[in-house]
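Student: What follows is the file input38.json, containing JSON, C-alpha atoms:
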[["chain", "number", "residue", "atom", "x", "y", "z"],
["M", 1, "MET", "CA", 88.06, 41.93, -4.82],
["M", 2, "VAL", "CA", 88.76, 39.92, -7.95],
["M", 3, "ALA", "CA", 85.78, 38.07, -9.36],
["M", 4, "LEU", "CA", 86.22, 34.90, -11.33],
["M", 5, "ARG", "CA", 83.64, 34.14, -13.98],
["M", 6, "CYS", "CA", 83.60, 30.95, -16.00],
["M", 7, "SER", "CA", 81.79, 31.09, -19.35],
["M", 8, "SER", "CA", 80.07, 28.21, -21.09],
["M", 9, "VAL", "CA", 82.86, 27.53, -23.54],
["M", 10, "ALA", "CA", 82.96, 23.75, -23.24],
["M", 11, "THR", "CA", 82.67, 20.81, -20.93],
["M", 12, "PHE", "CA", 85.23, 18.07, -20.79],
["M", 13, "ARG", "CA", 85.02, 14.30, -20.44],
["M", 14, "SER", "CA", 85.93, 12.97, -17.05],
["M", 15, "SER", "CA", 85.97, 9.61, -15.36],
["M", 16, "SER", "CA", 84.39, 11.10, -12.25],
["M", 17, "ALA", "CA", 80.73, 12.08, -12.26],
["M", 18, "ARG", "CA", 81.50, 15.02, -9.94],
["M", 19, "VAL", "CA", 83.81, 16.88, -12.30],
["M", 20, "PRO", "CA", 81.40, 17.34, -15.26],
["M", 21, "ASP", "CA", 78.70, 18.41, -12.78],
["M", 22, "LEU", "CA", 81.10, 20.92, -11.22],
["M", 23, "GLU", "CA", 82.08, 22.21, -14.66],
["M", 24, "ARG", "CA", 78.41, 22.88, -15.46],
["M", 25, "ARG", "CA", 77.98, 24.68, -12.14],
["M", 26, "VAL", "CA", 81.17, 26.71, -12.63],
["M", 27, "GLN", "CA", 80.15, 27.99, -16.07],
["M", 28, "GLY", "CA", 78.93, 31.57, -15.76],
["M", 29, "THR", "CA", 79.77, 31.89, -12.07],
["M", 30, "GLN", "CA", 81.67, 34.71, -10.41],
["M", 31, "ARG", "CA", 82.50, 32.69, -7.33],
["M", 32, "PRO", "CA", 86.24, 32.03, -7.06],
["M", 33, "GLY", "CA", 85.60, 29.47, -4.32],
["M", 34, "LEU", "CA", 83.64, 27.22, -6.67],
["M", 35, "CYS", "CA", 86.28, 27.55, -9.39],
["M", 36, "ALA", "CA", 89.02, 26.75, -6.85],
["M", 37, "TYR", "CA", 86.98, 23.73, -5.72],
["M", 38, "LEU", "CA", 86.77, 22.47, -9.33],
["M", 39, "LEU", "CA", 90.55, 22.84, -9.64],
["M", 40, "SER", "CA", 90.97, 20.88, -6.39],
["M", 41, "GLU", "CA", 88.66, 18.11, -7.65],
["M", 42, "LEU", "CA", 90.60, 17.86, -10.92],
["M", 43, "LEU", "CA", 93.86, 17.56, -8.97],
["M", 44, "ASP", "CA", 92.33, 14.92, -6.69],
["M", 45, "GLU", "CA", 91.22, 13.02, -9.79],
["M", 46, "GLY", "CA", 94.86, 12.76, -10.84],
["M", 47, "TYR", "CA", 95.30, 15.64, -13.29],
["M", 48, "ASP", "CA", 98.55, 17.57, -13.04],
["M", 49, "LEU", "CA", 98.31, 21.26, -12.13],
["M", 50, "GLN", "CA", 98.97, 22.53, -15.65],
["M", 51, "THR", "CA", 96.25, 20.34, -17.22],
["M", 52, "ALA", "CA", 93.70, 21.08, -14.49],
["M", 53, "LEU", "CA", 94.36, 24.81, -14.67],
["M", 54, "GLY", "CA", 94.07, 24.65, -18.45],
["M", 55, "ARG", "CA", 90.62, 23.06, -18.21],
["M", 56, "LEU", "CA", 89.46, 25.75, -15.81],
["M", 57, "ILE", "CA", 90.92, 28.61, -17.88],
["M", 58, "ARG", "CA", 89.27, 27.27, -21.04],
["M", 59, "LEU", "CA", 85.91, 27.19, -19.23],
["M", 60, "TYR", "CA", 86.51, 30.78, -18.20],
["M", 61, "GLY", "CA", 87.73, 31.86, -21.63],
["M", 62, "VAL", "CA", 91.42, 32.35, -22.36],
["M", 63, "LYS", "CA", 91.14, 36.01, -23.45],
["M", 64, "GLU", "CA", 89.01, 36.93, -20.42],
["M", 65, "TYR", "CA", 91.32, 35.11, -18.03],
["M", 66, "ALA", "CA", 94.35, 36.78, -19.62],
["M", 67, "ARG", "CA", 92.79, 40.19, -18.97],
["M", 68, "LEU", "CA", 92.02, 39.15, -15.40],
["M", 69, "VAL", "CA", 95.62, 38.16, -14.67],
["M", 70, "LYS", "CA", 97.09, 41.00, -16.78],
["M", 71, "MET", "CA", 98.95, 38.70, -19.17],
["M", 72, "ASP", "CA", 98.89, 38.41, -22.95],
["M", 73, "SER", "CA", 96.56, 35.70, -24.29],
["M", 74, "PRO", "CA", 99.41, 33.87, -26.06],
["M", 75, "ALA", "CA", 101.33, 33.73, -22.77],
["M", 76, "VAL", "CA", 98.33, 32.15, -21.03],
["M", 77, "GLN", "CA", 97.93, 29.71, -23.93],
["M", 78, "ARG", "CA", 101.60, 28.72, -23.64],
["M", 79, "ALA", "CA", 101.36, 28.33, -19.87],
["M", 80, "ILE", "CA", 98.51, 25.82, -20.14],
["M", 81, "ALA", "CA", 99.86, 23.98, -23.20],
["M", 82, "PRO", "CA", 101.28, 20.57, -22.26],
["M", 83, "GLU", "CA", 104.38, 21.01, -24.41],
["M", 84, "HIS", "CA", 105.48, 24.08, -22.43],
["M", 85, "ASN", "CA", 106.84, 24.35, -18.91],
["M", 86, "PRO", "CA", 105.47, 27.43, -17.10],
["M", 87, "THR", "CA", 107.59, 29.15, -14.48],
["M", 88, "LYS", "CA", 106.61, 29.32, -10.84],
["M", 89, "LEU", "CA", 105.86, 33.03, -11.26],
["M", 90, "THR", "CA", 103.50, 32.33, -14.18],
["M", 91, "LEU", "CA", 101.65, 29.63, -12.23],
["M", 92, "GLU", "CA", 101.31, 31.99, -9.27],
["M", 93, "LYS", "CA", 99.80, 34.67, -11.54],
["M", 94, "LEU", "CA", 97.32, 32.14, -12.94],
["M", 95, "LEU", "CA", 96.35, 30.92, -9.46],
["M", 96, "ALA", "CA", 95.98, 34.40, -7.92],
["M", 97, "PRO", "CA", 92.32, 35.00, -8.97],
["M", 98, "LEU", "CA", 91.43, 31.72, -7.25],
["M", 99, "LYS", "CA", 93.15, 32.95, -4.10],
["M", 100, "LEU", "CA", 95.50, 29.95, -4.31],
["M", 101, "GLU", "CA", 99.27, 29.79, -4.13],
["M", 102, "LEU", "CA", 101.97, 27.19, -4.64],
["M", 103, "ASP", "CA", 103.41, 25.60, -1.54],
["M", 104, "ILE", "CA", 106.00, 22.97, -0.71],
["M", 105, "LYS", "CA", 105.59, 20.70, 2.25],
["M", 106, "PRO", "CA", 107.59, 17.74, 3.49],
["M", 107, "THR", "CA", 106.27, 14.27, 2.87],
["M", 108, "ASP", "CA", 105.77, 11.83, 5.71],
["M", 109, "ALA", "CA", 108.79, 9.57, 5.68],
["M", 110, "ALA", "CA", 107.92, 5.99, 6.57]]
Could you quickly redo this structure as structure tokens?

Tutor:
Amino acid sequence: MVALRCSSVATFRSSSARVPDLERRVQGTQRPGLCAYLLSELLDEGYDLQTALGRLIRLYGVKEYARLVKMDSPAVQRAIAPEHNPTKLTLEKLLAPLKLELDIKPTDAA
């Protein structure tokens, strides 16, 4: 089992009161479910996947997360940097500790 721990690196400003509260609760936890829930809340708030994942990884600690996903720290930094475009494989590696995967589904045509 892979444990996800988020360290108290920083909190981020958010328009929703739930997200900063979740970030405080996520810091120092080893519960992937709570970290995945924070990611879901950030996505629901309108953040794109790369930005939301970047916020979560920075709470966790980039070096620690890189070790967890068996990637170099600079590669993780590039993947979450807005000026870069991570591949599907890279995003899947970053989502794996959260037990999440990318999926495509049809939209409801009206």

Student: Please measure the separation of CA of Tyr47 in chain M and CA of Asp72 in chain M, giving the value in Å to one decimal.

Tutor: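 Separation between CA of Tyr47 in chain M and CA of Asp72 in chain M: 25.0 Å.
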
Student: Can you measure CA of Leu95 in chain M to CA of Asp44 in chain M for me? One decimal in Å is fine.

Tutor: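 CA of Leu95 in chain M sits 16.7 Å away from CA of Asp44 in chain M.
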
Student: Taking into account all atoms listed in the file, which residue in the set M:Val69, M:Ala81, M:Ile57, M:Leu100 is nearest to Ser40 in chain M?

Tutor: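 Checking each candidate against Ser40 in chain M, we get M:Leu100 as the closest.
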
Student: Between M:Gly54, M:Tyr60, M:Lys93, M:Leu34, which is the closest to Gln77 in chain M once you count only C-alpha atoms?

Tutor: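 When distances to Gln77 in chain M are compared using only C-alpha atoms, the smallest one comes from M:Gly54.
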
Student: When you look at Leu94 in chain M with a cut-off of 9 Å (counting all atoms listed in the file), what residues show up, excluding the ones that are within fewer than 5 positions of it in the same chain? I need them as a list in words.

Tutor: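 Contacts, in chain order: Leu53, Ile57, Tyr65, Ala66, Val69, Val76, Ala79 and Leu89 of chain M.
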
Student: Based on the selection just made, write C-alpha atoms of those residues as a PDB file, in the coordinates of the input.

Tutor:
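Written out: out.pdb:
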ATOM      1  CA  LEU M  53      94.360  24.810 -14.670  1.00  0.00           C
ATOM      2  CA  ILE M  57      90.920  28.610 -17.880  1.00  0.00           C
ATOM      3  CA  TYR M  65      91.320  35.110 -18.030  1.00  0.00           C
ATOM      4  CA  ALA M  66      94.350  36.780 -19.620  1.00  0.00           C
ATOM      5  CA  VAL M  69      95.620  38.160 -14.670  1.00  0.00           C
ATOM      6  CA  VAL M  76      98.330  32.150 -21.030  1.00  0.00           C
ATOM      7  CA  ALA M  79     101.360  28.330 -19.870  1.00  0.00           C
ATOM      8  CA  LEU M  89     105.860  33.030 -11.260  1.00  0.00           C
TER       9      LEU M  89
END

Student: Missing atoms in range 79-109 of chain M should be modelled up to N, CA and C atoms and reported as a PDB file, in the frame of the given file.

Tutor:
ATOM      1  N   ALA M  79     101.264  28.824 -21.246  1.00  0.00           N
ATOM      2  CA  ALA M  79     101.360  28.330 -19.870  1.00  0.00           C
ATOM      3  C   ALA M  79     100.503  27.082 -19.645  1.00  0.00           C
ATOM      4  N   ILE M  80      99.385  26.974 -20.351  1.00  0.00           N
ATOM      5  CA  ILE M  80      98.510  25.820 -20.140  1.00  0.00           C
ATOM      6  C   ILE M  80      98.693  24.737 -21.202  1.00  0.00           C
ATOM      7  N   ALA M  81      99.581  24.981 -22.159  1.00  0.00           N
ATOM      8  CA  ALA M  81      99.860  23.980 -23.200  1.00  0.00           C
ATOM      9  C   ALA M  81     100.804  22.916 -22.634  1.00  0.00           C
ATOM     10  N   PRO M  82     100.469  21.639 -22.851  1.00  0.00           N
ATOM     11  CA  PRO M  82     101.280  20.570 -22.260  1.00  0.00           C
ATOM     12  C   PRO M  82     102.729  20.521 -22.740  1.00  0.00           C
ATOM     13  N   GLU M  83     103.011  21.055 -23.919  1.00  0.00           N
ATOM     14  CA  GLU M  83     104.380  21.010 -24.410  1.00  0.00           C
ATOM     15  C   GLU M  83     105.269  22.110 -23.841  1.00  0.00           C
ATOM     16  N   HIS M  84     104.703  22.998 -23.046  1.00  0.00           N
ATOM     17  CA  HIS M  84     105.480  24.080 -22.430  1.00  0.00           C
ATOM     18  C   HIS M  84     105.597  23.841 -20.926  1.00  0.00           C
ATOM     19  N   ASN M  85     106.565  24.490 -20.332  1.00  0.00           N
ATOM     20  CA  ASN M  85     106.840  24.350 -18.910  1.00  0.00           C
ATOM     21  C   ASN M  85     106.770  25.729 -18.262  1.00  0.00           C
ATOM     22  N   PRO M  86     105.605  26.090 -17.676  1.00  0.00           N
ATOM     23  CA  PRO M  86     105.470  27.430 -17.100  1.00  0.00           C
ATOM     24  C   PRO M  86     106.359  27.616 -15.871  1.00  0.00           C
ATOM     25  N   THR M  87     106.781  28.835 -15.656  1.00  0.00           N
ATOM     26  CA  THR M  87     107.590  29.150 -14.480  1.00  0.00           C
ATOM     27  C   THR M  87     106.698  29.220 -13.244  1.00  0.00           C
ATOM     28  N   LYS M  88     107.341  29.196 -12.101  1.00  0.00           N
ATOM     29  CA  LYS M  88     106.610  29.320 -10.840  1.00  0.00           C
ATOM     30  C   LYS M  88     105.863  30.652 -10.790  1.00  0.00           C
ATOM     31  N   LEU M  89     106.495  31.714 -11.246  1.00  0.00           N
ATOM     32  CA  LEU M  89     105.860  33.030 -11.260  1.00  0.00           C
ATOM     33  C   LEU M  89     104.601  33.034 -12.125  1.00  0.00           C
ATOM     34  N   THR M  90     104.674  32.401 -13.298  1.00  0.00           N
ATOM     35  CA  THR M  90     103.500  32.330 -14.180  1.00  0.00           C
ATOM     36  C   THR M  90     102.373  31.553 -13.522  1.00  0.00           C
ATOM     37  N   LEU M  91     102.686  30.406 -12.912  1.00  0.00           N
ATOM     38  CA  LEU M  91     101.650  29.630 -12.230  1.00  0.00           C
ATOM     39  C   LEU M  91     101.024  30.419 -11.085  1.00  0.00           C
ATOM     40  N   GLU M  92     101.845  31.171 -10.359  1.00  0.00           N
ATOM     41  CA  GLU M  92     101.310  31.990  -9.270  1.00  0.00           C
ATOM     42  C   GLU M  92     100.360  33.060  -9.797  1.00  0.00           C
ATOM     43  N   LYS M  93     100.693  33.669 -10.936  1.00  0.00           N
ATOM     44  CA  LYS M  93      99.800  34.670 -11.540  1.00  0.00           C
ATOM     45  C   LYS M  93      98.470  34.031 -11.936  1.00  0.00           C
ATOM     46  N   LEU M  94      98.533  32.817 -12.497  1.00  0.00           N
ATOM     47  CA  LEU M  94      97.320  32.140 -12.940  1.00  0.00           C
ATOM     48  C   LEU M  94      96.464  31.673 -11.765  1.00  0.00           C
ATOM     49  N   LEU M  95      97.082  31.377 -10.643  1.00  0.00           N
ATOM     50  CA  LEU M  95      96.350  30.920  -9.460  1.00  0.00           C
ATOM     51  C   LEU M  95      95.805  32.066  -8.611  1.00  0.00           C
ATOM     52  N   ALA M  96      96.351  33.263  -8.769  1.00  0.00           N
ATOM     53  CA  ALA M  96      95.980  34.400  -7.920  1.00  0.00           C
ATOM     54  C   ALA M  96      94.480  34.706  -7.898  1.00  0.00           C
ATOM     55  N   PRO M  97      93.754  34.705  -9.045  1.00  0.00           N
ATOM     56  CA  PRO M  97      92.320  35.000  -8.970  1.00  0.00           C
ATOM     57  C   PRO M  97      91.519  33.972  -8.168  1.00  0.00           C
ATOM     58  N   LEU M  98      92.087  32.768  -8.024  1.00  0.00           N
ATOM     59  CA  LEU M  98      91.430  31.720  -7.250  1.00  0.00           C
ATOM     60  C   LEU M  98      91.789  31.801  -5.778  1.00  0.00           C
ATOM     61  N   LYS M  99      92.637  32.780  -5.452  1.00  0.00           N
ATOM     62  CA  LYS M  99      93.150  32.950  -4.100  1.00  0.00           C
ATOM     63  C   LYS M  99      93.889  31.689  -3.647  1.00  0.00           C
ATOM     64  N   LEU M 100      94.681  31.127  -4.583  1.00  0.00           N
ATOM     65  CA  LEU M 100      95.500  29.950  -4.310  1.00  0.00           C
ATOM     66  C   LEU M 100      96.957  30.307  -4.563  1.00  0.00           C
ATOM     67  N   GLU M 101      97.847  29.590  -3.920  1.00  0.00           N
ATOM     68  CA  GLU M 101      99.270  29.790  -4.130  1.00  0.00           C
ATOM     69  C   GLU M 101      99.966  28.435  -4.100  1.00  0.00           C
ATOM     70  N   LEU M 102     101.167  28.405  -4.668  1.00  0.00           N
ATOM     71  CA  LEU M 102     101.970  27.190  -4.640  1.00  0.00           C
ATOM     72  C   LEU M 102     102.646  27.072  -3.289  1.00  0.00           C
ATOM     73  N   ASP M 103     102.804  25.836  -2.842  1.00  0.00           N
ATOM     74  CA  ASP M 103     103.410  25.600  -1.540  1.00  0.00           C
ATOM     75  C   ASP M 103     104.200  24.303  -1.621  1.00  0.00           C
ATOM     76  N   ILE M 104     105.219  24.200  -0.827  1.00  0.00           N
ATOM     77  CA  ILE M 104     106.000  22.970  -0.710  1.00  0.00           C
ATOM     78  C   ILE M 104     105.908  22.521   0.719  1.00  0.00           C
ATOM     79  N   LYS M 105     105.645  21.229   0.891  1.00  0.00           N
ATOM     80  CA  LYS M 105     105.590  20.700   2.250  1.00  0.00           C
ATOM     81  C   LYS M 105     106.321  19.360   2.269  1.00  0.00           C
ATOM     82  N   PRO M 106     106.877  19.017   3.401  1.00  0.00           N
ATOM     83  CA  PRO M 106     107.590  17.740   3.490  1.00  0.00           C
ATOM     84  C   PRO M 106     106.607  16.568   3.441  1.00  0.00           C
ATOM     85  N   THR M 107     107.092  15.480   2.884  1.00  0.00           N
ATOM     86  CA  THR M 107     106.270  14.270   2.870  1.00  0.00           C
ATOM     87  C   THR M 107     106.534  13.491   4.157  1.00  0.00           C
ATOM     88  N   ASP M 108     105.600  12.670   4.534  1.00  0.00           N
ATOM     89  CA  ASP M 108     105.770  11.830   5.710  1.00  0.00           C
ATOM     90  C   ASP M 108     106.693  10.676   5.342  1.00  0.00           C
ATOM     91  N   ALA M 109     107.847  10.650   5.948  1.00  0.00           N
ATOM     92  CA  ALA M 109     108.790   9.570   5.680  1.00  0.00           C
ATOM     93  C   ALA M 109     108.393   8.344   6.512  1.00  0.00           C
TER      94      ALA M 109
END
